[in-house]
Structures are given as C-alpha cells and as structure tokens.
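Undergrad: Below you'll find the structure I mean.
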Amino acid sequence: LDNLASGGGAHLAKIATFEVVSALLALLQSAQGDALRGTIASATSRLARAVPALAAQVLDKFGLESVLGWLSEDNARVQQGFLNLLNTALQHPSPRLVKSLEDPEPALTPLLRLLEQSDSVVRAKVLVSLQLLFRLDASYLLPACERKLLPTVDRLSRDQDPYLATCLASLVEALQALVPSIASDAAAELARAAQSRKPP
C-alpha cells in the first residue's frame with residue numbers, strides 16, 4: 001500500500017479514502033516492529049498528501065493528542081510520517097483542529113523535543129510544523145522562544161543537510177514576516193493600556 005501511495009496515478013484516488021486511512025491507523029494500534037509501524041505511518045501520510053482533506057479528518061477523529069503521541073515513538077520513519085500528516089492538516093485546518101491548538105503547550109512540547117533528534121529529516125519537518133503553527137497563531141511564538149527556540153535555530157543553522165537548511169530558511173523568513181504584525185499588536189496593546197490609565 002505504501003508503494004502504491006508513493007507511485008501516484010489514477011489508482012491512488014481509489015485507495016486514498018478515509019476508510020483506508022482509518023484501517024491503517026487501527027492496524028497501527030496493535031502493529032509490532034519498527035518496520036511495519038514505519039510503513040503504516042508512511043502510507044498514511046502519503047495518502048493524506050494525495051487527498052489533503054484526509055489529514056484534517058484524521059486529526060478530527062483520532063485527535064491531536066494521538067498524533068502527537070505517535071511522534072514520541074523512537075522510530076524516525078513513524079515520526080516523519082506523522083509530521084507529514086500534521087503539516088498537511090495545518091495547511092488545511094478544520095475548526096476542531098484550530099480549537100484543539102488554542103493551548104500551545106501540548107503541541108510545542110513534543111515538537112521542540114524532536115528538534116533534539118539526530119535524524120535531520122525529522123528536525124526539518126518539525127521546523128515546517130513550527131512555521132505553520134506560527135502562521136496559524138502567532139501567540140505560539142512567545143512560548144516557543146521561552147523554550148529556547150532561537151538558540152536551537154542558531155545551532156541548526158550550522159547543520160550541513162540541504163533539506164534542513166531549506167526548511168530552516170523558510171522558518172526564518174516566516175518569522176521575519178510576522179514581526180510587523182506582532183509589533184503592531186504590541187503597540188495597540190500599549191495604547192489601550194495607556195488609555196485605560198488616563199484619569200476620567
């Protein structure tokens with residue numbers, strides 16, 4: 001199934017369904033062995049990439065907590081698969097996913113932990129996740145910085161992996177684009193605070 005999903009073509013539309021993805025994730029609950037679990041995660045992410053709406057459906061049915069839990073596995077292929085799934089869902093977030101992301105803590109903690117992984121592809125995909133989260137909700141930036149995101153970014157900038165370097169450059173560009181909006185919000189907040197302190 002993973003090979004079929006990676007091949008694309010007309011046949012992919014027949015298997016890229018929520019029923020197939022649900023069956024794969026049900027299998028994942030009991031699957032043993034890193035190779036099998038990695039294949040299931042890869043197939044799931046490839047199907048969701050082919051039909052992006054599937055990613056939001058998976059997050060809605062299984063919950064953000066489940067996907068973040070799979071990221072904690074000590075299996076780079078599983079981590080990559082579910083980071084791909086998460087990133088696809090963040091590009092097309094459902095109202096339920098947006099609501100589940102109101103508290104930054106549950107998502108930021110496992111994602112920032114993965115930046116310490118030795119697998120450069122995992123780290124690169126986490127950078128994509130963070131970029132999408134910041135674009136979705138700029139309030140994620142402060143707690144991420146409090147968890148030493150910027151020193152981590154500086155360290156990753158010395159990594160020679162081309163894919164990681166591309167994702168890092170994209171994150172930095174996204175952060176730069178957010179600065180005017182954040183500054184405007186801060187100025188407006190200061191103006192409101194000053195106005196509230198004026199005597200009647």
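Ordered as shown in the structure tokens, chains take letters A, B, and onward, while each chain numbers its residues from 1 and ligands are numbered from 1 in the order shown.
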Which polymer residues have any atom within 10 Å of an atom of A:Val153, counting only C-alpha atoms, with same-chain residues fewer than 2 positions away left out, as a PDB file with N, CA, C and O atoms, in the first residue's frame?
TA:
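Once everything was written out, this is result.pdb:
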```pdb
ATOM      1  N   LEU A 115      13.334  18.427  17.990  1.00  0.00           N
ATOM      2  CA  LEU A 115      14.445  19.186  17.411  1.00  0.00           C
ATOM      3  C   LEU A 115      15.789  18.714  17.952  1.00  0.00           C
ATOM      4  O   LEU A 115      16.838  19.047  17.402  1.00  0.00           O
ATOM      5  N   LEU A 127      10.560  21.883  11.865  1.00  0.00           N
ATOM      6  CA  LEU A 127      10.663  23.304  11.528  1.00  0.00           C
ATOM      7  C   LEU A 127       9.492  23.736  10.650  1.00  0.00           C
ATOM      8  O   LEU A 127       8.969  24.845  10.798  1.00  0.00           O
ATOM      9  N   LYS A 148      13.581  28.151  24.375  1.00  0.00           N
ATOM     10  CA  LYS A 148      14.899  28.229  23.729  1.00  0.00           C
ATOM     11  C   LYS A 148      14.865  27.859  22.252  1.00  0.00           C
ATOM     12  O   LYS A 148      15.779  27.228  21.725  1.00  0.00           O
ATOM     13  N   LEU A 149      13.794  28.276  21.553  1.00  0.00           N
ATOM     14  CA  LEU A 149      13.736  28.015  20.112  1.00  0.00           C
ATOM     15  C   LEU A 149      14.869  28.717  19.376  1.00  0.00           C
ATOM     16  O   LEU A 149      15.509  28.124  18.499  1.00  0.00           O
ATOM     17  N   LEU A 150      15.129  29.981  19.716  1.00  0.00           N
ATOM     18  CA  LEU A 150      16.117  30.743  18.947  1.00  0.00           C
ATOM     19  C   LEU A 150      17.534  30.183  19.077  1.00  0.00           C
ATOM     20  O   LEU A 150      18.237  30.061  18.060  1.00  0.00           O
ATOM     21  N   PRO A 151      18.000  29.798  20.280  1.00  0.00           N
ATOM     22  CA  PRO A 151      19.318  29.140  20.338  1.00  0.00           C
ATOM     23  C   PRO A 151      19.346  27.826  19.561  1.00  0.00           C
ATOM     24  O   PRO A 151      20.369  27.474  18.956  1.00  0.00           O
ATOM     25  N   ARG A 155      21.777  26.842  16.437  1.00  0.00           N
ATOM     26  CA  ARG A 155      22.566  25.602  16.366  1.00  0.00           C
ATOM     27  C   ARG A 155      22.286  24.846  15.079  1.00  0.00           C
ATOM     28  O   ARG A 155      23.199  24.334  14.431  1.00  0.00           O
ATOM     29  N   LEU A 156      21.011  24.787  14.703  1.00  0.00           N
ATOM     30  CA  LEU A 156      20.655  24.054  13.482  1.00  0.00           C
ATOM     31  C   LEU A 156      21.198  24.736  12.228  1.00  0.00           C
ATOM     32  O   LEU A 156      21.381  24.083  11.197  1.00  0.00           O
ATOM     33  N   SER A 157      21.450  26.036  12.308  1.00  0.00           N
ATOM     34  CA  SER A 157      21.964  26.751  11.138  1.00  0.00           C
ATOM     35  C   SER A 157      23.356  26.281  10.745  1.00  0.00           C
ATOM     36  O   SER A 157      23.806  26.531   9.620  1.00  0.00           O
ATOM     37  N   ARG A 158      24.023  25.571  11.653  1.00  0.00           N
ATOM     38  CA  ARG A 158      25.353  25.052  11.348  1.00  0.00           C
ATOM     39  C   ARG A 158      25.306  23.651  10.761  1.00  0.00           C
ATOM     40  O   ARG A 158      26.337  23.088  10.390  1.00  0.00           O
ATOM     41  N   LEU A 168      14.838  25.476   7.440  1.00  0.00           N
ATOM     42  CA  LEU A 168      15.234  26.491   8.406  1.00  0.00           C
ATOM     43  C   LEU A 168      15.121  27.894   7.795  1.00  0.00           C
ATOM     44  O   LEU A 168      14.606  28.822   8.436  1.00  0.00           O
ATOM     45  N   ALA A 169      15.560  28.041   6.553  1.00  0.00           N
ATOM     46  CA  ALA A 169      15.464  29.334   5.876  1.00  0.00           C
ATOM     47  C   ALA A 169      14.009  29.763   5.730  1.00  0.00           C
ATOM     48  O   ALA A 169      13.667  30.939   5.884  1.00  0.00           O
ATOM     49  N   LEU A 171      11.537  28.892   7.738  1.00  0.00           N
ATOM     50  CA  LEU A 171      11.061  29.294   9.069  1.00  0.00           C
ATOM     51  C   LEU A 171      11.515  30.712   9.399  1.00  0.00           C
ATOM     52  O   LEU A 171      10.721  31.528   9.892  1.00  0.00           O
ATOM     53  N   VAL A 172      12.772  31.004   9.148  1.00  0.00           N
ATOM     54  CA  VAL A 172      13.302  32.343   9.441  1.00  0.00           C
ATOM     55  C   VAL A 172      12.549  33.395   8.630  1.00  0.00           C
ATOM     56  O   VAL A 172      12.192  34.462   9.150  1.00  0.00           O
TER      57      VAL A 172
END
```
Undergrad: Neighbours of A:Glu102 within 12 Å (only C-alpha atoms; same-chain residues fewer than 4 positions away dropped), as a PyMOL selection string?
TA: chain A and resi 64+95-98+106-108+133+136-140
Undergrad: Figure out the distance between atom CA of A:Ala165 and atom CA of A:Asp103, please, to one decimal in Å.
TA: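 If I compute the distance from atom CA of A:Asp103 to atom CA of A:Ala165, I get 28.9 Å.
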Undergrad: I'd like the neighbourhood of stretch 79-89 of chain A as a VMD selection string, where a residue qualifies if any of its atoms comes within 8 Å (using only C-alpha atoms), though same-chain residues fewer than 6 positions away should be ignored.
TA: chain A and resid 38 41 to 45 48 to 49 52 to 53 55 to 56 59 67 70 to 73 121 to 122 125 to 126 128 to 129 132
Undergrad: Give me, please, the distance in Å between atom CA of A:Ser100 and atom CA of A:Glu65, quoted to one decimal.
TA: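 Computing the Euclidean distance for atom CA of A:Ser100 and atom CA of A:Glu65 yields 9.0 Å.
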Undergrad: Based on DSSP run over this structure's backbone, return all residues of chain A in alpha helix (DSSP H), as a ChimeraX atom specification.
TA: /A:2-7,12-15,18-30,34-50,53-62,64-71,76-91,95-100,105-114,120-136,141-146,149-156,162-197
Undergrad: Could you jot down the atom CA of A:Ala16 to atom CA of A:Leu54 separation for me, Å, one decimal place?
TA: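 That distance, rounded to one decimal, is 8.1 Å.
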